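Engineer: Sharing model_38.txt here; it has compact mmCIF, C-alpha atoms.
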# COMPACT_ATOMS: atom_id res chain seq x y z
CA MET A 1 -14.63 -21.00 -3.04
CA THR A 2 -16.89 -17.96 -2.77
CA VAL A 3 -16.85 -14.85 -0.61
CA GLU A 4 -19.73 -12.79 0.65
CA THR A 5 -19.21 -9.06 0.39
CA LEU A 6 -19.85 -7.07 3.52
CA SER A 7 -20.60 -3.64 2.10
CA ALA A 8 -23.96 -2.04 2.72
CA ASP A 9 -24.79 -1.91 -0.99
CA SER A 10 -24.00 -5.49 -1.95
CA ASN A 11 -24.80 -8.98 -0.73
CA ALA A 12 -23.33 -10.71 -3.76
CA VAL A 13 -21.65 -14.08 -3.39
CA GLU A 14 -18.86 -14.76 -5.89
CA THR A 15 -15.38 -16.21 -6.11
CA PRO A 16 -12.51 -14.00 -4.95
CA GLU A 17 -11.16 -13.92 -8.51
CA ALA A 18 -14.53 -12.85 -9.93
CA LEU A 19 -14.91 -10.17 -7.27
CA VAL A 20 -11.48 -8.71 -7.99
CA ALA A 21 -12.05 -8.88 -11.74
CA ARG A 22 -15.36 -7.04 -11.39
CA ILE A 23 -14.19 -4.22 -9.16
CA ALA A 24 -10.88 -3.91 -11.05
CA ALA A 25 -12.84 -3.45 -14.28
CA ASP A 26 -14.87 -0.71 -12.58
CA GLY A 27 -11.68 0.92 -11.37
CA ARG A 28 -10.02 0.81 -14.77
CA ALA A 29 -13.09 2.38 -16.37
CA ALA A 30 -13.03 5.16 -13.76
CA GLN A 31 -9.30 5.69 -14.37
CA ARG A 32 -10.00 6.39 -18.02
CA VAL A 33 -12.37 9.14 -16.88
CA LEU A 34 -9.67 10.52 -14.59
CA ALA A 35 -7.17 10.51 -17.45
CA ARG A 36 -9.19 13.08 -19.39
CA MET A 37 -9.95 15.34 -16.42
CA SER A 38 -8.04 18.56 -15.94
CA ASP A 39 -5.62 19.34 -13.16
CA ALA A 40 -8.15 21.82 -11.72
CA GLN A 41 -10.97 19.26 -11.75
CA LYS A 42 -8.92 16.70 -9.82
CA ALA A 43 -7.81 19.34 -7.32
CA GLU A 44 -11.41 20.45 -6.79
CA ALA A 45 -12.50 16.84 -6.25
CA LEU A 46 -9.90 16.41 -3.52
CA ARG A 47 -10.96 19.62 -1.81
CA ALA A 48 -14.54 18.34 -1.88
CA ALA A 49 -13.36 15.02 -0.39
CA ALA A 50 -11.53 16.85 2.42
CA LYS A 51 -14.66 18.88 3.13
CA ALA A 52 -16.72 15.68 3.28
CA LEU A 53 -14.25 14.10 5.71
CA ARG A 54 -14.70 17.08 8.04
CA ALA A 55 -18.48 17.05 7.66
CA ASP A 56 -18.65 13.32 8.47
CA GLU A 57 -16.46 13.60 11.57
CA ALA A 58 -19.08 12.18 13.94
CA ALA A 59 -19.78 9.14 11.77
CA ILE A 60 -16.09 8.44 11.20
CA LEU A 61 -15.19 8.70 14.89
CA GLU A 62 -18.17 6.51 15.82
CA ALA A 63 -16.95 3.88 13.36
CA ASN A 64 -13.42 4.16 14.75
CA ALA A 65 -14.73 3.66 18.29
CA LYS A 66 -16.14 0.29 17.15
CA ASP A 67 -12.73 -0.71 15.82
CA ILE A 68 -10.97 0.40 19.02
CA ALA A 69 -13.44 -1.56 21.17
CA ALA A 70 -12.97 -4.66 19.03
CA GLY A 71 -9.21 -4.21 19.13
CA GLU A 72 -9.17 -3.95 22.90
CA GLU A 73 -11.32 -7.07 23.14
CA LYS A 74 -8.88 -8.92 20.87
CA GLY A 75 -5.95 -7.77 23.03
CA LEU A 76 -4.18 -5.62 20.43
CA SER A 77 -0.98 -4.01 21.72
CA GLY A 78 -0.84 -0.40 22.79
CA ALA A 79 1.18 0.43 19.67
CA MET A 80 -1.42 -1.20 17.41
CA LEU A 81 -4.25 0.63 19.14
CA ASP A 82 -2.37 3.91 18.77
CA ARG A 83 -2.02 3.31 15.03
CA LEU A 84 -5.71 2.55 14.83
CA ARG A 85 -7.10 5.32 17.01
CA LEU A 86 -8.68 8.46 15.55
CA ASP A 87 -9.79 11.57 17.38
CA ALA A 88 -10.96 14.96 16.17
CA GLU A 89 -7.39 16.25 15.88
CA ARG A 90 -6.10 13.25 13.92
CA LEU A 91 -9.11 13.28 11.61
CA ALA A 92 -8.60 17.00 10.99
CA GLY A 93 -4.99 16.17 10.10
CA ILE A 94 -6.19 13.55 7.61
CA ALA A 95 -8.50 16.07 5.93
CA ASP A 96 -5.74 18.70 5.93
CA ALA A 97 -3.40 16.22 4.22
CA VAL A 98 -5.99 15.67 1.46
CA ASP A 99 -6.24 19.44 1.01
CA GLN A 100 -2.46 19.67 0.85
CA VAL A 101 -2.30 17.01 -1.88
CA ALA A 102 -4.93 18.99 -3.81
CA SER A 103 -2.61 22.02 -3.74
CA LEU A 104 0.35 20.12 -5.19
CA PRO A 105 1.05 20.14 -8.93
CA ASP A 106 -0.18 17.09 -10.81
CA PRO A 107 2.87 15.27 -12.22
CA ALA A 108 0.87 13.54 -14.97
CA GLY A 109 1.42 15.20 -18.31
CA SER A 110 4.65 16.92 -17.35
CA VAL A 111 7.49 16.63 -19.85
CA ILE A 112 10.59 15.00 -18.39
CA GLU A 113 12.79 15.73 -21.38
CA GLU A 114 12.58 16.76 -25.03
CA THR A 115 15.09 16.11 -27.77
CA SER A 116 15.26 16.44 -31.55
CA ARG A 117 16.98 13.86 -33.73
CA PRO A 118 19.07 14.76 -36.79
CA ASN A 119 16.29 13.38 -39.01
CA GLY A 120 13.83 15.91 -37.56
CA LEU A 121 11.91 13.56 -35.21
CA LYS A 122 10.96 15.29 -31.99
CA MET A 123 11.12 13.02 -28.92
CA SER A 124 9.33 13.75 -25.64
CA ARG A 125 9.32 11.68 -22.45
CA VAL A 126 6.06 12.44 -20.61
CA ARG A 127 4.80 11.39 -17.17
CA ILE A 128 1.59 9.35 -17.11
CA PRO A 129 -0.40 7.58 -14.35
CA ILE A 130 0.45 3.95 -13.65
CA GLY A 131 -3.25 2.97 -13.91
CA LEU A 132 -5.07 0.94 -11.25
CA ILE A 133 -3.08 0.62 -8.04
CA GLY A 134 -3.90 -1.95 -5.37
CA ILE A 135 -2.97 -0.97 -1.83
CA ILE A 136 -2.96 -3.69 0.85
CA TYR A 137 -2.49 -2.28 4.33
CA GLU A 138 -3.00 -2.92 8.03
CA SER A 139 -4.20 -1.01 11.06
CA ARG A 140 -3.93 2.63 10.02
CA PRO A 141 -7.18 4.17 8.77
CA ASN A 142 -5.37 7.32 7.62
CA VAL A 143 -3.89 5.24 4.78
CA THR A 144 -7.38 5.05 3.25
CA ALA A 145 -7.50 8.81 2.73
CA ASP A 146 -3.79 9.31 2.02
CA ALA A 147 -3.65 6.60 -0.64
CA ALA A 148 -6.92 7.75 -2.19
CA ALA A 149 -5.74 11.36 -2.41
CA LEU A 150 -2.33 10.54 -3.88
CA CYS A 151 -3.70 8.09 -6.42
CA LEU A 152 -6.43 10.44 -7.60
CA ARG A 153 -4.16 13.51 -7.79
CA SER A 154 -1.74 11.62 -10.02
CA GLY A 155 -4.55 10.30 -12.22
CA ASN A 156 -4.60 6.74 -10.89
CA ALA A 157 -7.56 4.71 -9.67
CA ALA A 158 -7.12 2.87 -6.35
CA LEU A 159 -8.31 -0.48 -5.07
CA LEU A 160 -7.87 -0.44 -1.28
CA ARG A 161 -7.80 -3.48 0.95
CA GLY A 162 -7.43 -2.43 4.58
CA GLY A 163 -6.93 -4.64 7.61
CA SER A 164 -9.82 -6.10 9.59
CA GLU A 165 -8.75 -4.09 12.66
CA ALA A 166 -9.85 -0.87 10.95
CA VAL A 167 -12.73 -2.15 8.85
CA HIS A 168 -15.40 0.24 10.18
CA SER A 169 -13.07 3.26 10.08
CA ASN A 170 -11.94 2.50 6.53
CA ARG A 171 -15.49 2.18 5.27
CA ALA A 172 -16.56 5.45 6.87
CA ILE A 173 -13.55 7.32 5.48
CA ARG A 174 -14.01 5.89 2.00
CA ALA A 175 -17.76 6.72 2.07
CA ALA A 176 -17.01 10.34 2.90
CA PHE A 177 -14.28 10.49 0.27
CA ALA A 178 -16.64 9.09 -2.37
CA LYS A 179 -19.20 11.79 -1.60
CA GLY A 180 -16.65 14.45 -2.44
CA LEU A 181 -15.64 12.74 -5.67
CA GLU A 182 -19.19 12.38 -6.90
CA GLU A 183 -19.92 16.02 -6.12
CA ALA A 184 -17.01 16.91 -8.41
CA GLY A 185 -18.17 14.60 -11.20
CA ILE A 186 -15.63 11.82 -10.66
CA PRO A 187 -16.92 8.22 -10.55
CA ALA A 188 -16.84 6.79 -7.03
CA ALA A 189 -15.20 3.69 -8.53
CA ALA A 190 -12.00 5.72 -8.91
CA ILE A 191 -11.42 4.95 -5.22
CA GLN A 192 -12.77 1.56 -4.15
CA LEU A 193 -12.51 -0.36 -0.91
CA VAL A 194 -12.59 -4.13 -1.24
CA PRO A 195 -16.01 -5.05 0.19
CA THR A 196 -14.90 -8.10 2.16
CA GLN A 197 -12.19 -8.99 4.66
CA ASP A 198 -11.78 -12.51 3.28
CA ARG A 199 -8.05 -13.14 2.94
CA ALA A 200 -8.58 -15.06 -0.28
CA VAL A 201 -9.29 -11.73 -1.97
CA VAL A 202 -5.73 -10.60 -1.19
CA GLY A 203 -4.47 -13.62 -3.12
CA ALA A 204 -6.78 -12.74 -6.00
CA MET A 205 -5.43 -9.18 -6.05
CA LEU A 206 -1.84 -10.40 -6.08
CA THR A 207 -2.45 -12.58 -9.14
CA ALA A 208 -4.61 -10.08 -11.06
CA ALA A 209 -2.01 -9.38 -13.74
CA GLY A 210 -3.50 -7.29 -16.51
CA LEU A 211 -6.20 -5.94 -14.19
CA ILE A 212 -4.16 -4.30 -11.41
CA ASP A 213 -1.06 -2.45 -12.55
CA MET A 214 0.88 -2.22 -9.27
CA ILE A 215 0.51 -3.49 -5.69
CA VAL A 216 1.67 -1.45 -2.69
CA PRO A 217 1.80 -3.38 0.61
CA ARG A 218 1.82 -1.41 3.86
CA GLY A 219 2.06 -3.53 6.96
CA GLY A 220 4.20 -5.93 8.93
CA LYS A 221 6.94 -8.20 7.68
CA SER A 222 4.62 -11.18 7.19
CA LEU A 223 2.28 -9.20 4.92
CA VAL A 224 5.09 -7.76 2.81
CA SER A 225 6.79 -11.17 2.54
CA ARG A 226 3.56 -12.77 1.37
CA VAL A 227 2.99 -10.06 -1.22
CA GLN A 228 6.52 -10.32 -2.58
CA SER A 229 6.33 -14.12 -2.66
CA ASP A 230 2.89 -14.50 -4.27
CA ALA A 231 2.46 -11.43 -6.47
CA ARG A 232 2.16 -11.71 -10.23
CA VAL A 233 1.69 -7.95 -10.34
CA PRO A 234 4.60 -5.47 -9.93
CA VAL A 235 5.14 -4.61 -6.23
CA LEU A 236 6.34 -1.37 -4.66
CA ALA A 237 7.59 -2.74 -1.35
CA HIS A 238 7.52 -0.96 2.00
CA LEU A 239 9.63 -3.06 4.34
CA ASP A 240 9.93 -2.77 8.11
CA GLY A 241 11.65 0.20 9.72
CA ILE A 242 14.67 -1.04 11.68
CA ASN A 243 15.99 2.49 12.03
CA HIS A 244 19.23 3.48 13.73
CA THR A 245 20.30 6.66 15.45
CA TYR A 246 24.08 6.84 15.81
CA ILE A 247 25.38 9.37 18.32
CA HIS A 248 28.88 10.23 17.12
CA SER A 249 31.73 11.21 19.43
CA ALA A 250 31.36 14.83 18.26
CA ALA A 251 27.62 15.06 18.91
CA ASP A 252 26.13 17.97 20.86
CA PRO A 253 24.92 16.28 24.09
CA LYS A 254 21.74 18.36 24.26
CA VAL A 255 20.84 17.67 20.62
CA ALA A 256 21.69 13.99 21.03
CA LYS A 257 19.38 13.56 24.01
CA GLU A 258 16.46 15.49 22.52
CA VAL A 259 16.65 13.82 19.12
CA ALA A 260 17.02 10.29 20.52
CA VAL A 261 14.02 10.65 22.83
CA ASN A 262 11.90 12.15 20.06
CA ALA A 263 13.00 9.50 17.54
CA LYS A 264 11.81 6.71 19.83
CA MET A 265 9.06 8.12 22.00
CA ARG A 266 7.12 10.73 19.98
CA ARG A 267 5.11 7.90 18.43
CA THR A 268 6.50 4.43 18.99
CA GLY A 269 4.20 2.62 16.55
CA ILE A 270 5.20 4.31 13.28
CA CYS A 271 7.70 2.98 10.75
CA GLY A 272 9.97 6.01 11.24
CA ALA A 273 10.54 5.34 14.94
CA MET A 274 14.09 4.62 16.09
CA GLU A 275 14.55 0.96 16.98
CA THR A 276 18.31 0.86 17.67
CA LEU A 277 20.48 3.47 19.40
CA LEU A 278 24.21 3.34 18.68
CA LEU A 279 26.41 5.22 21.16
CA ASP A 280 29.98 6.09 20.25
CA ALA A 281 32.38 4.89 22.94
CA GLN A 282 33.98 8.36 22.93
CA PHE A 283 30.71 10.30 23.31
CA PRO A 284 30.68 11.76 26.84
CA GLY A 285 26.92 12.05 27.27
CA SER A 286 25.81 8.45 26.73
CA ALA A 287 24.57 7.89 30.27
CA GLU A 288 22.36 10.99 30.08
CA VAL A 289 20.82 9.89 26.76
CA VAL A 290 20.11 6.42 28.14
CA SER A 291 18.60 7.83 31.33
CA ALA A 292 16.39 10.24 29.39
CA LEU A 293 14.98 7.41 27.28
CA ILE A 294 14.28 5.21 30.30
CA GLU A 295 12.65 8.05 32.21
CA ALA A 296 10.47 8.75 29.15
CA GLY A 297 9.12 5.20 29.51
CA CYS A 298 11.34 3.31 27.07
CA GLU A 299 12.60 -0.19 27.85
CA LEU A 300 16.20 -0.55 26.68
CA ARG A 301 17.91 -3.80 25.74
CA GLY A 302 21.65 -3.49 25.37
CA ASP A 303 25.02 -5.12 24.93
CA ALA A 304 27.43 -5.43 27.84
CA ARG A 305 29.00 -1.99 27.38
CA ALA A 306 25.61 -0.32 27.11
CA ARG A 307 24.41 -2.09 30.26
CA SER A 308 27.40 -0.69 32.15
CA LEU A 309 25.96 2.79 31.59
CA ASP A 310 22.73 2.11 33.50
CA SER A 311 21.65 -0.88 35.57
CA ARG A 312 18.10 -0.53 34.24
CA ILE A 313 19.13 -1.69 30.75
CA LEU A 314 18.15 -5.31 30.08
CA ALA A 315 20.38 -7.77 28.25
CA ALA A 316 19.87 -7.84 24.48
CA ASP A 317 19.98 -11.02 22.46
CA GLU A 318 20.87 -11.39 18.78
CA ALA A 319 17.24 -11.03 17.67
CA ASP A 320 16.99 -7.56 19.20
CA TRP A 321 19.29 -6.02 16.57
CA ASP A 322 16.87 -7.14 13.83
CA THR A 323 13.56 -6.33 15.52
CA GLU A 324 11.08 -3.61 14.63
CA TYR A 325 9.47 -3.18 18.05
CA LEU A 326 6.84 -0.55 17.17
CA ASP A 327 6.59 -0.07 20.92
CA ALA A 328 8.37 1.72 23.75
CA ILE A 329 11.36 -0.63 23.44
CA ALA A 330 14.74 -0.03 21.81
CA SER A 331 18.03 -1.87 21.51
CA VAL A 332 21.22 -0.01 22.38
CA ALA A 333 24.87 -0.75 21.63
CA VAL A 334 28.18 1.00 22.23
CA VAL A 335 30.41 1.14 19.13
CA ASP A 336 34.03 2.07 18.57
CA GLY A 337 33.75 4.95 16.15
CA LEU A 338 32.12 5.70 12.83
CA ASP A 339 33.43 2.60 11.02
CA ALA A 340 31.91 0.30 13.63
CA ALA A 341 28.61 2.18 13.47
CA LEU A 342 28.54 1.87 9.68
CA ASP A 343 29.27 -1.86 9.95
CA HIS A 344 26.45 -2.37 12.46
CA ILE A 345 23.98 -0.45 10.28
CA ALA A 346 25.03 -2.36 7.15
CA ALA A 347 24.43 -5.64 8.99
CA HIS A 348 21.09 -4.80 10.63
CA SER A 349 19.34 -1.85 8.97
CA SER A 350 16.23 -2.57 6.90
CA GLY A 351 17.16 0.26 4.55
CA HIS A 352 14.39 2.58 5.74
CA THR A 353 15.85 5.51 7.75
CA ASP A 354 19.16 5.92 9.55
CA VAL A 355 20.49 8.97 11.43
CA ILE A 356 23.80 10.37 12.66
CA ILE A 357 24.03 13.02 15.38
CA THR A 358 27.30 14.94 15.07
CA LYS A 359 28.95 18.36 14.78
CA ASP A 360 31.69 16.85 12.60
CA ASP A 361 30.88 17.69 8.96
CA GLU A 362 33.30 15.12 7.57
CA ALA A 363 31.71 12.33 9.62
CA ALA A 364 28.26 13.50 8.58
CA GLU A 365 29.16 13.45 4.87
CA ARG A 366 30.69 9.97 5.17
CA PHE A 367 27.51 8.74 6.86
CA LEU A 368 25.32 10.27 4.14
CA ALA A 369 27.44 8.71 1.41
CA GLU A 370 27.98 5.24 2.88
CA VAL A 371 24.66 4.33 4.54
CA ASP A 372 22.57 2.63 1.86
CA SER A 373 19.09 3.44 3.14
CA ALA A 374 16.16 5.14 1.45
CA ILE A 375 16.45 8.06 3.90
CA VAL A 376 19.69 9.13 5.60
CA MET A 377 19.62 12.04 8.06
CA VAL A 378 22.04 14.25 9.97
CA ASN A 379 21.07 15.84 13.30
CA ALA A 380 17.33 15.17 12.92
CA SER A 381 14.81 12.74 14.32
CA SER A 382 13.95 9.70 12.21
CA GLN A 383 10.30 10.53 12.91
CA PHE A 384 10.58 13.05 10.05
CA ALA A 385 10.53 10.04 7.68
CA ASP A 386 7.10 10.96 6.40
CA GLY A 387 5.83 12.25 3.07
CA GLY A 388 4.07 15.22 4.65
CA GLU A 389 7.27 16.31 6.38
CA PHE A 390 9.11 16.03 3.05
CA GLY A 391 6.66 18.47 1.49
CA LEU A 392 4.98 15.73 -0.54
CA GLY A 393 1.53 16.24 1.01
CA ALA A 394 1.22 12.62 2.10
CA GLU A 395 2.77 9.30 1.21
CA ILE A 396 1.60 5.94 0.03
CA GLY A 397 4.54 4.35 1.85
CA ILE A 398 8.30 4.44 2.31
CA ALA A 399 9.81 2.38 -0.49
CA THR A 400 12.97 0.60 0.65
CA GLY A 401 13.86 -1.05 -2.67
CA ARG A 402 16.06 0.38 -5.38
CA LEU A 403 13.81 0.34 -8.45
CA HIS A 404 11.19 2.82 -9.65
CA ALA A 405 10.80 4.84 -6.43
CA ARG A 406 12.61 5.09 -3.09
CA GLY A 407 11.87 6.80 0.22
CA PRO A 408 8.49 8.52 0.70
CA VAL A 409 6.39 7.60 -2.33
CA ALA A 410 3.99 10.35 -3.27
CA LEU A 411 2.71 11.77 -6.55
CA GLU A 412 5.79 11.36 -8.73
CA GLY A 413 6.31 7.80 -7.47
CA LEU A 414 2.82 6.91 -8.69
CA THR A 415 3.64 7.78 -12.29
CA THR A 416 5.54 6.14 -15.07
CA TYR A 417 6.30 7.65 -18.48
CA LYS A 418 5.81 7.12 -22.16
CA TRP A 419 7.62 8.40 -25.23
CA GLN A 420 5.80 10.70 -27.62
CA VAL A 421 7.39 10.98 -31.05
CA ARG A 422 6.37 13.69 -33.54
CA GLY A 423 7.45 13.49 -37.13
CA THR A 424 6.78 15.12 -40.49
CA GLY A 425 6.69 11.99 -42.65
CA GLN A 426 10.06 10.41 -41.87
CA ALA A 427 10.60 6.80 -43.06
CA ARG A 428 13.54 4.78 -41.72
CA PRO A 429 16.09 3.97 -44.43
Before anything else, please render the file you have as structure tokens.
Structural biologist:
Amino acid sequence: MTVETLSADSNAVETPEALVARIAADGRAAQRVLARMSDAQKAEALRAAAKALRADEAAILEANAKDIAAGEEKGLSGAMLDRLRLDAERLAGIADAVDQVASLPDPAGSVIEETSRPNGLKMSRVRIPIGLIGIIYESRPNVTADAAALCLRSGNAALLRGGSEAVHSNRAIRAAFAKGLEEAGIPAAAIQLVPTQDRAVVGAMLTAAGLIDMIVPRGGKSLVSRVQSDARVPVLAHLDGINHTYIHSAADPKVAKEVAVNAKMRRTGICGAMETLLLDAQFPGSAEVVSALIEAGCELRGDARARSLDSRILAADEADWDTEYLDAIASVAVVDGLDAALDHIAAHSSGHTDVIITKDDEAAERFLAEVDSAIVMVNASSQFADGGEFGLGAEIGIATGRLHARGPVALEGLTTYKWQVRGTGQARP
């Protein structure tokens, strides 16, 4: 089987495995160049990339318009189109995020710990880049710039494979980014975009052990499941965001209403959006929260007790408690206290982000301690589940596993470490 690359600078026909091997080799060579560049040089390259993104605004938005038109023709949902859509403000935000990453300290080279052994050996544990990182993602063109910036700042090369929905946008963003890198003396191959949408190339990336050092999937459940099932390369998984907001009996009604509406309706198509609302049976303002969500345009699907609060709530089925809607839809249940809320979350949360709204400090601390999610919040919207909001500049994803990195994965999460040992001639007896 062969694939034909679709980039403007190549018409080569080769097998998916040969294509991945070739571009991975280019990326690894570029990463070795990055490894010897200074912190200031990498920061300057990112500032140049951000400047190029702003300068190429017209070309990027024109490319995005092609993707939006194609998406509308294919019948993509409103949530998918919102994820895909760029305008001047969103593009400016993408460039600003690249600038912000440039201003962050480079974790590579930092000393985690130093010790001296009784025999005089000096031991240091030092952060280093992971190497060549493959990112497989869907829909969101901002991931192209975010992933590129984070990988480069931490000294990694990136091999990006975006979804077909955003193919024109991704190419335009990567082209602008590459201009900035080359101006700063960094090989463009440090940030590569797979030059074909053939799905066989994804399989080739997943089995490229020894060429690609880590795979990061960003997309729906089917994509992540495939990556975890087929990968022969270590995977940093970003699972779906079945996020809960529990309104405790001691919640401030005004805070509860405002946070719940924001958590669901600010942007419904992001992984930090609330998907399930849990209302304490003793909370007096449940009807007002429900009404506010419905009037904001949210369809609610609830259990029997939730439906008794408002006749506009539809009946939920079992699947609703385990669904990431990514749309103006939420499930809602009434629970008998904190223990019942914790049980529901343990049974249905995807381990992404869960929230309690309460004025009771003891209940808040129990929630923080007992909810086993990557991000647990008190009295704040789950829409803050974002690397930029955490002060990390941007994120490559929200890791929901327990190994290596968890929560918003930014610069530190894209490093590993090695031991450096300094001696004066010691020989082991």
Engineer: Pick the closest to Ala319 (chain A) from A:Ile242, A:Ser103, A:Val255, A:Asp336: which is it, counting only C-alpha atoms?
Structural biologist: A:Ile242
Engineer: Counting all atoms listed in the file, what are the residues of region 183-247 of chain A within 10 Å of region 20-25 of chain A, and for each of them which pair of atoms is the nearest and at what distance in Å, to one decimal? Sort the table by chain and rising number, as CSV.
Structural biologist:
residue,atom,partner,partner_atom,distance
A:Ala189,CA,A:Ile23,CA,8.0
A:Ala190,CA,A:Ala24,CA,9.9
A:Gln192,CA,A:Ile23,CA,7.8
A:Leu193,CA,A:Ile23,CA,9.3
A:Val194,CA,A:Ile23,CA,8.1
A:Pro195,CA,A:Ile23,CA,9.6
A:Val201,CA,A:Val20,CA,7.1
A:Val202,CA,A:Val20,CA,9.1
A:Gly203,CA,A:Val20,CA,9.8
A:Ala204,CA,A:Val20,CA,6.5
A:Met205,CA,A:Val20,CA,6.4
A:Leu206,CA,A:Val20,CA,10.0
A:Thr207,CA,A:Val20,CA,9.9
A:Ala208,CA,A:Ala21,CA,7.6
A:Gly210,CA,A:Ala24,CA,9.8
A:Leu211,CA,A:Ala24,CA,6.0
A:Ile212,CA,A:Ala24,CA,6.7
Engineer: Please produce a file of the residues just selected, as a tab-separated table (two decimals), in the coordinates of the input, where the atoms kept are C-alpha atoms.
Structural biologist:
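The resulting file, result26.tsv, is shown below:
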chain	number	residue	atom	x	y	z
A	189	ALA	CA	-15.20	3.69	-8.53
A	190	ALA	CA	-12.00	5.72	-8.91
A	192	GLN	CA	-12.77	1.56	-4.15
A	193	LEU	CA	-12.51	-0.36	-0.91
A	194	VAL	CA	-12.59	-4.13	-1.24
A	195	PRO	CA	-16.01	-5.05	0.19
A	201	VAL	CA	-9.29	-11.73	-1.97
A	202	VAL	CA	-5.73	-10.60	-1.19
A	203	GLY	CA	-4.47	-13.62	-3.12
A	204	ALA	CA	-6.78	-12.74	-6.00
A	205	MET	CA	-5.43	-9.18	-6.05
A	206	LEU	CA	-1.84	-10.40	-6.08
A	207	THR	CA	-2.45	-12.58	-9.14
A	208	ALA	CA	-4.61	-10.08	-11.06
A	210	GLY	CA	-3.50	-7.29	-16.51
A	211	LEU	CA	-6.20	-5.94	-14.19
A	212	ILE	CA	-4.16	-4.30	-11.41
Engineer: Taking only C-alpha atoms into account, name the residue in A:Pro16, A:Gly302, A:Pro141, A:Gly75 that is nearest to Ala63 (chain A).
Structural biologist: A:Pro141
Engineer: What does the distance between CA of Thr415 (chain A) and CA of Arg127 (chain A) come to in Å, to one decimal place?
Structural biologist: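 That distance, rounded to one decimal, is 6.2 Å.
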Engineer: Hey, can you check how far CA of Asn170 (chain A) sits from CA of Gly393 (chain A)?
Structural biologist: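 Value for the CA of Asn170 (chain A)-CA of Gly393 (chain A) distance: 20.0 Å.
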Engineer: What's around region 374-379 of chain A at 8 Å? Count only C-alpha atoms, leave out sequence neighbours fewer than 4 positions away in its own chain, and write the answer as an MDAnalysis selection string.
Structural biologist: chainID A and resid 255:256 259 351:358 364 367:368 385 398:401 406:407
Engineer: Reconstruct region 160-170 of chain A at the level of N, CA, C and O atoms, and format the result as a CSV table (one decimal), keeping the file's coordinate frame.
Structural biologist:
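See part.csv below for the written result:
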chain,number,residue,atom,x,y,z
A,160,LEU,N,-8.4,-0.4,-2.6
A,160,LEU,CA,-7.9,-0.4,-1.3
A,160,LEU,C,-8.4,-1.7,-0.6
A,160,LEU,O,-9.6,-2.0,-0.6
A,161,ARG,N,-7.4,-2.4,0.1
A,161,ARG,CA,-7.8,-3.5,1.0
A,161,ARG,C,-7.2,-3.3,2.3
A,161,ARG,O,-6.0,-3.5,2.5
A,162,GLY,N,-7.9,-2.7,3.3
A,162,GLY,CA,-7.4,-2.4,4.6
A,162,GLY,C,-7.6,-3.6,5.5
A,162,GLY,O,-8.2,-4.6,5.2
A,163,GLY,N,-6.9,-3.6,6.6
A,163,GLY,CA,-6.9,-4.6,7.6
A,163,GLY,C,-8.2,-4.7,8.4
A,163,GLY,O,-9.0,-3.7,8.5
A,164,SER,N,-8.6,-5.9,8.9
A,164,SER,CA,-9.8,-6.1,9.6
A,164,SER,C,-9.9,-5.3,10.9
A,164,SER,O,-11.0,-4.9,11.3
A,165,GLU,N,-8.7,-4.9,11.4
A,165,GLU,CA,-8.8,-4.1,12.7
A,165,GLU,C,-9.4,-2.7,12.4
A,165,GLU,O,-10.0,-2.2,13.4
A,166,ALA,N,-9.3,-2.2,11.2
A,166,ALA,CA,-9.8,-0.9,11.0
A,166,ALA,C,-11.0,-0.9,10.0
A,166,ALA,O,-11.3,0.1,9.3
A,167,VAL,N,-11.7,-2.0,9.9
A,167,VAL,CA,-12.7,-2.2,8.8
A,167,VAL,C,-13.8,-1.1,8.9
A,167,VAL,O,-14.2,-0.5,7.9
A,168,HIS,N,-14.3,-0.8,10.1
A,168,HIS,CA,-15.4,0.2,10.2
A,168,HIS,C,-14.9,1.6,9.9
A,168,HIS,O,-15.5,2.4,9.2
A,169,SER,N,-13.7,2.0,10.4
A,169,SER,CA,-13.1,3.3,10.1
A,169,SER,C,-12.8,3.4,8.6
A,169,SER,O,-13.1,4.5,8.0
A,170,ASN,N,-12.3,2.4,8.0
A,170,ASN,CA,-11.9,2.5,6.5
A,170,ASN,C,-13.2,2.7,5.7
A,170,ASN,O,-13.2,3.5,4.8
